[in-house]
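I have placed the structure first, in the form of structure tokens, so that the comments after it can refer back to it.
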2 protein chains.
Amino acid sequence: MRLYVTPASPWVRRVVVSILELGIRDRFQFVQTKWPHAWATQTVAPNPEFWGATPVVRIPALATVDFTLTDSHSICDYLNGEFGNFRLLPRDGVARWRALANISVANGIIEAQISRRAELLRSEHERSNDFIGKMQDRQLRCFEALEKQVPAFGAIFDLAQITTAVACGYEDWRYGTDWRAAAPKLAAWFDAVSKRPAMQATRPAETPQA
Amino acid sequence: MRLYVTPASPWVRRVVVSILELGIRDRFQFVQTKWPHAWATQTVAPNPEFWGATPVVRIPALATVDFTLTDSHSICDYLNGEFGNFRLLPRDGVARWRALANISVANGIIEAQISRRAELLRSEHERSNDFIGKMQDRQLRCFEALEKQVPAFGAIFDLAQITTAVACGYEDWRYGTDWRAAAPKLAAWFDAVSKRPAMQATRPAETPQA
């Protein structure tokens with residue numbers, strides 16, 4: 001299977017951390033993609049093979065012999081069910097729904113982070129500072145909401161925890177925002193899980209320019 | 001359970017169609033939300049109770065006694081597993097992954113549609129015509145990709161078909177684009193499924209302004 005990646009993407013990171021945590025790295029060929037900063041507003045197709053693999057032209061994308069999954073939600077669901085014996089996310093029942101509740105909030109942070117990044121890459125006359133503020137407001141509300149969930153985090157570094165950790169890590173790397181003051185328990189938890197080999201091996205880095 | 005809705009949102013529509021197709025409408029209280037057009041770039045909180053229910057402050061959101069699910073992916077997963085006996089999406093195995101592959105492409109259309117809508121609601125000096133073009137390109141590629149999947153669509157109006165139909169319906173309603181020329185089989189299929197009571201009962205309409 002070919003997984004299209006870049007080290008700057010938090011959506012890619014949650015997939016790669018899931019793969020490393022499940023110990024199935026050898027099943028995947030990672031294909032590094034290149035993205036000029038123009039991706040924020042323009043169609044860029046850095047790799048013809050990648051363009052052929054996914055009509056969404058976005059990463060992560062996982063191309064198997066049978067099908068292509070073109071977002072991290074479906075890829076993580078596949079990893080969990082096909083290779084993970086439902087260790088990352090319970091198969092069903094209230095434990096799954098509670099995990100999805102946290103995942104949907106952590107995803108809300110990541111969406112806001114990426115939307116904010118795309119906005120900052122726009123030329124000044126197409127940029128909305130209001131929009132950047134809206135994304136910052138959303139992120140802060142979501143960090144505060146996850147702060148309340150930390151005492152209930154279980155022993156398994158599951159998809160809810162992975163997604164939350166990736167959101168924290170991207171915020172530190174890309175923006176250096178002081179989210180820790182609003183979420184001290186989350187910060188302490190994040191510092192601890194950051195030491196895991198899967199987190200260390202996936203530290204964010206800039207995407208190669210096309 | 002309280003489901004926060006508006007008839008203009010395709011993300012809401014895929015949830016509501018799922019509920020109607022499963023015949024479980026009586027389990028939900030639908031709460032209409034109001035959104036001024038400023039939502040495109042500003043934090044708007046039309047309803048204090050809604051704001052309290054979800055830190056993402058976005059619809060759809062489903063608030064149960066135990067937890068809140070704040071995106072359509074997690075809500076549909078919950079409906080399917082808790083009330084649908086996995087009729088909308090197989091529980092696991094290759095049938096689930098193939099359905100998720102189509103869902104991820106249809107979701108790519110809906111994301112592009114909503115991003116394009118938000119862009120059009122911006123003031124002119126903050127608007128990027130390049131970005132609108134990028135979204136149109138993505139939608140067209142995804143419609144063409146789904147066109148190839150139509151012959152393999154099964155007899156059940158499942159989540160992949162629901163999401164695809166909602167994407168087609170939003171395009172007709174909001175933009176009136178001629179996607180049908182590029183996807184004639186998809187258009188014929190859409191015209192047929194549009195007659196279903198669940199689709200008729202959820203035809204798009206403008207959101208009430210705050």
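Numbering starts fresh at 1 for the residues of each chain in the structure tokens, the chains themselves are lettered A, B, ... in the order given, and ligands are numbered from 1 as they appear.
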
Would you give me, as a tab-separated table, each residue of chain B having an atom within 9 Å of an atom of chain A, along with its shortest atom pair and that distance in Å to one decimal, using only C-alpha atoms and sorting by chain and residue number?
residue	atom	partner	partner_atom	distance
B:Ala40	CA	A:Phe131	CA	7.6
B:Thr41	CA	A:Phe131	CA	4.3
B:Gln42	CA	A:Lys134	CA	5.3
B:Thr43	CA	A:Lys134	CA	5.1
B:Val44	CA	A:Lys134	CA	8.9
B:Thr54	CA	A:Val105	CA	8.3
B:Pro55	CA	A:Arg141	CA	5.3
B:Val56	CA	A:Arg138	CA	5.9
B:Val57	CA	A:Arg138	CA	7.7
B:Asp66	CA	A:Arg98	CA	7.9
B:Phe67	CA	A:Arg98	CA	6.3
B:Thr68	CA	A:Ala101	CA	5.8
B:Leu69	CA	A:Ala101	CA	4.7
B:Thr70	CA	A:Ser104	CA	5.7
B:Asp71	CA	A:Ser104	CA	6.1
B:His73	CA	A:His73	CA	8.3
B:Ser74	CA	A:Leu100	CA	5.9
B:Ile75	CA	A:Leu100	CA	8.7
B:Asp77	CA	A:Trp97	CA	8.5
B:Tyr78	CA	A:Trp97	CA	6.4
B:Gly81	CA	A:Asp92	CA	6.3
B:Glu82	CA	A:Gly93	CA	7.0
B:Arg91	CA	A:Arg91	CA	8.1
B:Asp92	CA	A:Gly81	CA	6.3
B:Gly93	CA	A:Glu82	CA	7.0
B:Val94	CA	A:Glu82	CA	8.7
B:Arg96	CA	A:Tyr78	CA	8.4
B:Trp97	CA	A:Tyr78	CA	6.4
B:Arg98	CA	A:Phe67	CA	6.3
B:Leu100	CA	A:Ser74	CA	5.9
B:Ala101	CA	A:Leu69	CA	4.7
B:Asn102	CA	A:Leu69	CA	8.1
B:Ile103	CA	A:Ser74	CA	8.5
B:Ser104	CA	A:Thr70	CA	5.7
B:Val105	CA	A:Val56	CA	6.5
B:Gly108	CA	A:Val56	CA	6.0
B:Ile109	CA	A:Val56	CA	8.1
B:Arg122	CA	A:Ser128	CA	8.5
B:Glu124	CA	A:Glu126	CA	8.6
B:His125	CA	A:Glu126	CA	6.2
B:Glu126	CA	A:Glu126	CA	4.2
B:Arg127	CA	A:Glu126	CA	5.3
B:Ser128	CA	A:Glu126	CA	5.6
B:Asn129	CA	A:Thr41	CA	8.4
B:Asp130	CA	A:Thr41	CA	5.6
B:Phe131	CA	A:Thr41	CA	4.2
B:Ile132	CA	A:Thr41	CA	8.0
B:Gly133	CA	A:Gln42	CA	7.6
B:Lys134	CA	A:Thr43	CA	5.1
B:Met135	CA	A:Thr43	CA	8.3
B:Asp137	CA	A:Thr43	CA	7.5
B:Arg138	CA	A:Val56	CA	5.9
B:Gln139	CA	A:Val56	CA	8.0
B:Leu140	CA	A:Pro55	CA	8.8
B:Arg141	CA	A:Pro55	CA	5.3
B:Cys142	CA	A:Pro55	CA	5.4
B:Phe143	CA	A:Pro55	CA	8.9
B:Glu144	CA	A:Pro55	CA	8.5
B:Ala145	CA	A:Pro55	CA	6.6

Spatial neighbours of Ile110 of chain A, 8 Å, only C-alpha atoms, chain gap at least 3 places, as a list of chain:residue names: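 The neighbour list is A:Pro10, A:Trp11, A:Ala106, A:Asn107, A:Gln113, A:Ile114, A:Ala167.
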
DSSP on the backbone: what in segment 45-130 of chain A comes out alpha helix (DSSP H), as an MDAnalysis selection string? chainID A and resid 48:53 72:78 94:120 129:130

Write the residues you've just listed into a file as a PDB file, in the first residue's frame, and include C-alpha atoms for each of them.
ATOM      1  CA  PRO A  48       1.139  12.850 -11.517  1.00  0.00           C
ATOM      2  CA  GLU A  49       0.919   9.462  -9.847  1.00  0.00           C
ATOM      3  CA  PHE A  50      -0.569  11.073  -6.723  1.00  0.00           C
ATOM      4  CA  TRP A  51      -3.059  13.021  -8.832  1.00  0.00           C
ATOM      5  CA  GLY A  52      -4.126   9.713 -10.379  1.00  0.00           C
ATOM      6  CA  ALA A  53      -4.510   8.047  -6.997  1.00  0.00           C
ATOM      7  CA  SER A  72      -7.443  10.541   7.660  1.00  0.00           C
ATOM      8  CA  HIS A  73     -10.833   9.563   9.163  1.00  0.00           C
ATOM      9  CA  SER A  74     -11.393   6.704   6.747  1.00  0.00           C
ATOM     10  CA  ILE A  75      -7.718   5.667   6.785  1.00  0.00           C
ATOM     11  CA  CYS A  76      -7.649   5.464  10.595  1.00  0.00           C
ATOM     12  CA  ASP A  77     -10.934   3.531  10.599  1.00  0.00           C
ATOM     13  CA  TYR A  78      -9.385   1.077   8.139  1.00  0.00           C
ATOM     14  CA  VAL A  94     -20.679   3.723  24.232  1.00  0.00           C
ATOM     15  CA  ALA A  95     -16.874   3.480  24.492  1.00  0.00           C
ATOM     16  CA  ARG A  96     -16.677   4.130  20.750  1.00  0.00           C
ATOM     17  CA  TRP A  97     -19.125   7.035  20.856  1.00  0.00           C
ATOM     18  CA  ARG A  98     -17.303   8.697  23.759  1.00  0.00           C
ATOM     19  CA  ALA A  99     -14.006   8.349  21.912  1.00  0.00           C
ATOM     20  CA  LEU A 100     -15.578   9.800  18.753  1.00  0.00           C
ATOM     21  CA  ALA A 101     -16.822  12.752  20.808  1.00  0.00           C
ATOM     22  CA  ASN A 102     -13.249  13.588  21.822  1.00  0.00           C
ATOM     23  CA  ILE A 103     -11.963  12.888  18.331  1.00  0.00           C
ATOM     24  CA  SER A 104     -14.496  15.293  16.827  1.00  0.00           C
ATOM     25  CA  VAL A 105     -13.251  18.075  19.132  1.00  0.00           C
ATOM     26  CA  ALA A 106      -9.569  17.333  18.435  1.00  0.00           C
ATOM     27  CA  ASN A 107     -10.348  17.234  14.708  1.00  0.00           C
ATOM     28  CA  GLY A 108     -11.987  20.635  15.166  1.00  0.00           C
ATOM     29  CA  ILE A 109      -8.638  21.969  16.380  1.00  0.00           C
ATOM     30  CA  ILE A 110      -6.716  20.450  13.473  1.00  0.00           C
ATOM     31  CA  GLU A 111      -9.182  21.800  10.911  1.00  0.00           C
ATOM     32  CA  ALA A 112      -8.856  25.250  12.448  1.00  0.00           C
ATOM     33  CA  GLN A 113      -5.049  24.965  12.453  1.00  0.00           C
ATOM     34  CA  ILE A 114      -4.892  24.051   8.781  1.00  0.00           C
ATOM     35  CA  SER A 115      -7.470  26.654   7.750  1.00  0.00           C
ATOM     36  CA  ARG A 116      -5.463  29.268   9.640  1.00  0.00           C
ATOM     37  CA  ARG A 117      -2.261  28.116   7.945  1.00  0.00           C
ATOM     38  CA  ALA A 118      -3.868  28.372   4.504  1.00  0.00           C
ATOM     39  CA  GLU A 119      -5.109  31.856   5.376  1.00  0.00           C
ATOM     40  CA  LEU A 120      -1.641  32.991   6.437  1.00  0.00           C
ATOM     41  CA  ASN A 129      -7.735  38.652   9.826  1.00  0.00           C
ATOM     42  CA  ASP A 130     -11.255  38.051  11.113  1.00  0.00           C
TER      43      ASP A 130
END

Go ahead and compute the interatomic distance for atom CA of Gln32 of chain A and atom CA of Thr6 of chain A, in Å to one decimal.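 Result for atom CA of Gln32 of chain A versus atom CA of Thr6 of chain A: 5.7 Å, one decimal.
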
Could you please write out, as a list of chain:residue names, every residue of segment 3-173 of chain A that DSSP assigns to strand (DSSP E)?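 Those in segment 3-173 of chain A that DSSP calls strand (DSSP E) are A:Leu3, A:Tyr4, A:Val5, A:Gln29, A:Phe30, A:Val31, A:Gln32, A:Ala61, A:Leu62, A:Ala63, A:Thr68, A:Leu69.
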
For N, CA and C atoms, I'd like the residues from the last selection saved as an mmCIF file, in the first residue's frame.
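Below is the file that was written, selection-v1.cif:
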data_model
loop_
_atom_site.group_PDB
_atom_site.id
_atom_site.type_symbol
_atom_site.label_atom_id
_atom_site.label_comp_id
_atom_site.auth_asym_id
_atom_site.auth_seq_id
_atom_site.Cartn_x
_atom_site.Cartn_y
_atom_site.Cartn_z
ATOM 1 N N LEU A 3 1.159 5.151 0.971
ATOM 2 C CA LEU A 3 0.585 6.218 1.782
ATOM 3 C C LEU A 3 1.291 7.522 1.416
ATOM 4 N N TYR A 4 0.513 8.497 0.945
ATOM 5 C CA TYR A 4 1.070 9.789 0.539
ATOM 6 C C TYR A 4 1.141 10.697 1.752
ATOM 7 N N VAL A 5 2.335 11.230 2.004
ATOM 8 C CA VAL A 5 2.602 11.908 3.279
ATOM 9 C C VAL A 5 3.353 13.214 3.097
ATOM 10 N N GLN A 29 4.288 1.640 1.958
ATOM 11 C CA GLN A 29 5.321 2.449 1.313
ATOM 12 C C GLN A 29 4.926 3.912 1.493
ATOM 13 N N PHE A 30 5.748 4.673 2.183
ATOM 14 C CA PHE A 30 5.443 6.094 2.373
ATOM 15 C C PHE A 30 5.970 6.862 1.163
ATOM 16 N N VAL A 31 5.109 7.659 0.569
ATOM 17 C CA VAL A 31 5.493 8.465 -0.593
ATOM 18 C C VAL A 31 5.467 9.938 -0.182
ATOM 19 N N GLN A 32 6.629 10.554 -0.142
ATOM 20 C CA GLN A 32 6.714 11.972 0.221
ATOM 21 C C GLN A 32 6.135 12.828 -0.908
ATOM 22 N N ALA A 61 -3.433 10.220 1.757
ATOM 23 C CA ALA A 61 -4.237 9.326 0.908
ATOM 24 C C ALA A 61 -3.567 7.964 0.953
ATOM 25 N N LEU A 62 -4.372 6.943 1.074
ATOM 26 C CA LEU A 62 -3.852 5.576 1.135
ATOM 27 C C LEU A 62 -4.391 4.802 -0.060
ATOM 28 N N ALA A 63 -3.481 4.398 -0.937
ATOM 29 C CA ALA A 63 -3.884 3.657 -2.142
ATOM 30 C C ALA A 63 -3.571 2.182 -1.953
ATOM 31 N N THR A 68 -8.887 3.543 -2.844
ATOM 32 C CA THR A 68 -8.091 4.617 -2.246
ATOM 33 C C THR A 68 -8.932 5.322 -1.192
ATOM 34 N N LEU A 69 -8.366 5.491 -0.016
ATOM 35 C CA LEU A 69 -9.011 6.245 1.050
ATOM 36 C C LEU A 69 -8.352 7.618 1.099
#

Excluding same-chain residues fewer than 3 positions from Ala201 of chain B, what lies within 10 Å of it counting only C-alpha atoms, as a PyMOL selection string? chain B and resi 13+16-17+20+195-198+204

When you count only C-alpha atoms, which of these residues is closest to Pro184 of chain B: B:Ala160, B:Met199, B:Glu147, B:Ala155? B:Glu147

Atom CA of Trp179 of chain B and atom CA of Val150 of chain B are how many Å apart?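 Computed distance, atom CA of Trp179 of chain B to atom CA of Val150 of chain B, equals 14.7 Å.
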
So the first atom is atom CA of Asp158 of chain A and the second is atom CA of Leu88 of chain A; what is the distance between them in Å, to one decimal place?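 About the pair atom CA of Asp158 of chain A and atom CA of Leu88 of chain A: they are 4.3 Å apart.
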
Extract, using only C-alpha atoms, all DNA, RNA and protein residues at most 12 Å from Ser194 of chain A, discarding same-chain residues fewer than 2 positions from it, and format them as a PDB file with C-alpha atoms, in the first residue's frame.
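Writing done, so here's out_20.pdb:
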ATOM      1  CA  VAL A  17       1.354   7.606  14.574  1.00  0.00           C
ATOM      2  CA  PHE A 157      -2.824   5.637  23.519  1.00  0.00           C
ATOM      3  CA  GLN A 161      -5.410  10.509  22.395  1.00  0.00           C
ATOM      4  CA  ILE A 162      -3.343  10.349  19.194  1.00  0.00           C
ATOM      5  CA  THR A 164      -5.370  15.211  20.625  1.00  0.00           C
ATOM      6  CA  ALA A 165      -1.576  14.865  20.880  1.00  0.00           C
ATOM      7  CA  VAL A 166      -1.149  15.703  17.201  1.00  0.00           C
ATOM      8  CA  ALA A 167      -3.261  18.854  17.652  1.00  0.00           C
ATOM      9  CA  CYS A 168      -1.107  19.933  20.609  1.00  0.00           C
ATOM     10  CA  GLY A 169       2.105  19.184  18.731  1.00  0.00           C
ATOM     11  CA  TYR A 170       1.078  21.129  15.634  1.00  0.00           C
ATOM     12  CA  ASP A 172       3.541  24.170  19.387  1.00  0.00           C
ATOM     13  CA  LEU A 186      -3.629  18.613  28.861  1.00  0.00           C
ATOM     14  CA  ALA A 187      -0.141  20.136  28.665  1.00  0.00           C
ATOM     15  CA  ALA A 188       1.254  17.782  31.314  1.00  0.00           C
ATOM     16  CA  TRP A 189      -0.357  14.812  29.590  1.00  0.00           C
ATOM     17  CA  PHE A 190       1.007  15.943  26.215  1.00  0.00           C
ATOM     18  CA  ASP A 191       4.539  16.297  27.576  1.00  0.00           C
ATOM     19  CA  ALA A 192       4.343  12.707  28.822  1.00  0.00           C
ATOM     20  CA  ARG A 196       6.520   7.830  22.965  1.00  0.00           C
ATOM     21  CA  PRO A 197       8.631   6.512  20.058  1.00  0.00           C
ATOM     22  CA  ALA A 198       5.738   7.004  17.612  1.00  0.00           C
ATOM     23  CA  MET A 199       5.478  10.690  18.563  1.00  0.00           C
ATOM     24  CA  GLN A 200       9.250  11.202  18.496  1.00  0.00           C
ATOM     25  CA  ALA A 201       9.507   9.589  15.056  1.00  0.00           C
ATOM     26  CA  THR A 202       6.861  11.910  13.589  1.00  0.00           C
ATOM     27  CA  ARG A 203       7.910  15.326  14.837  1.00  0.00           C
TER      28      ARG A 203
END
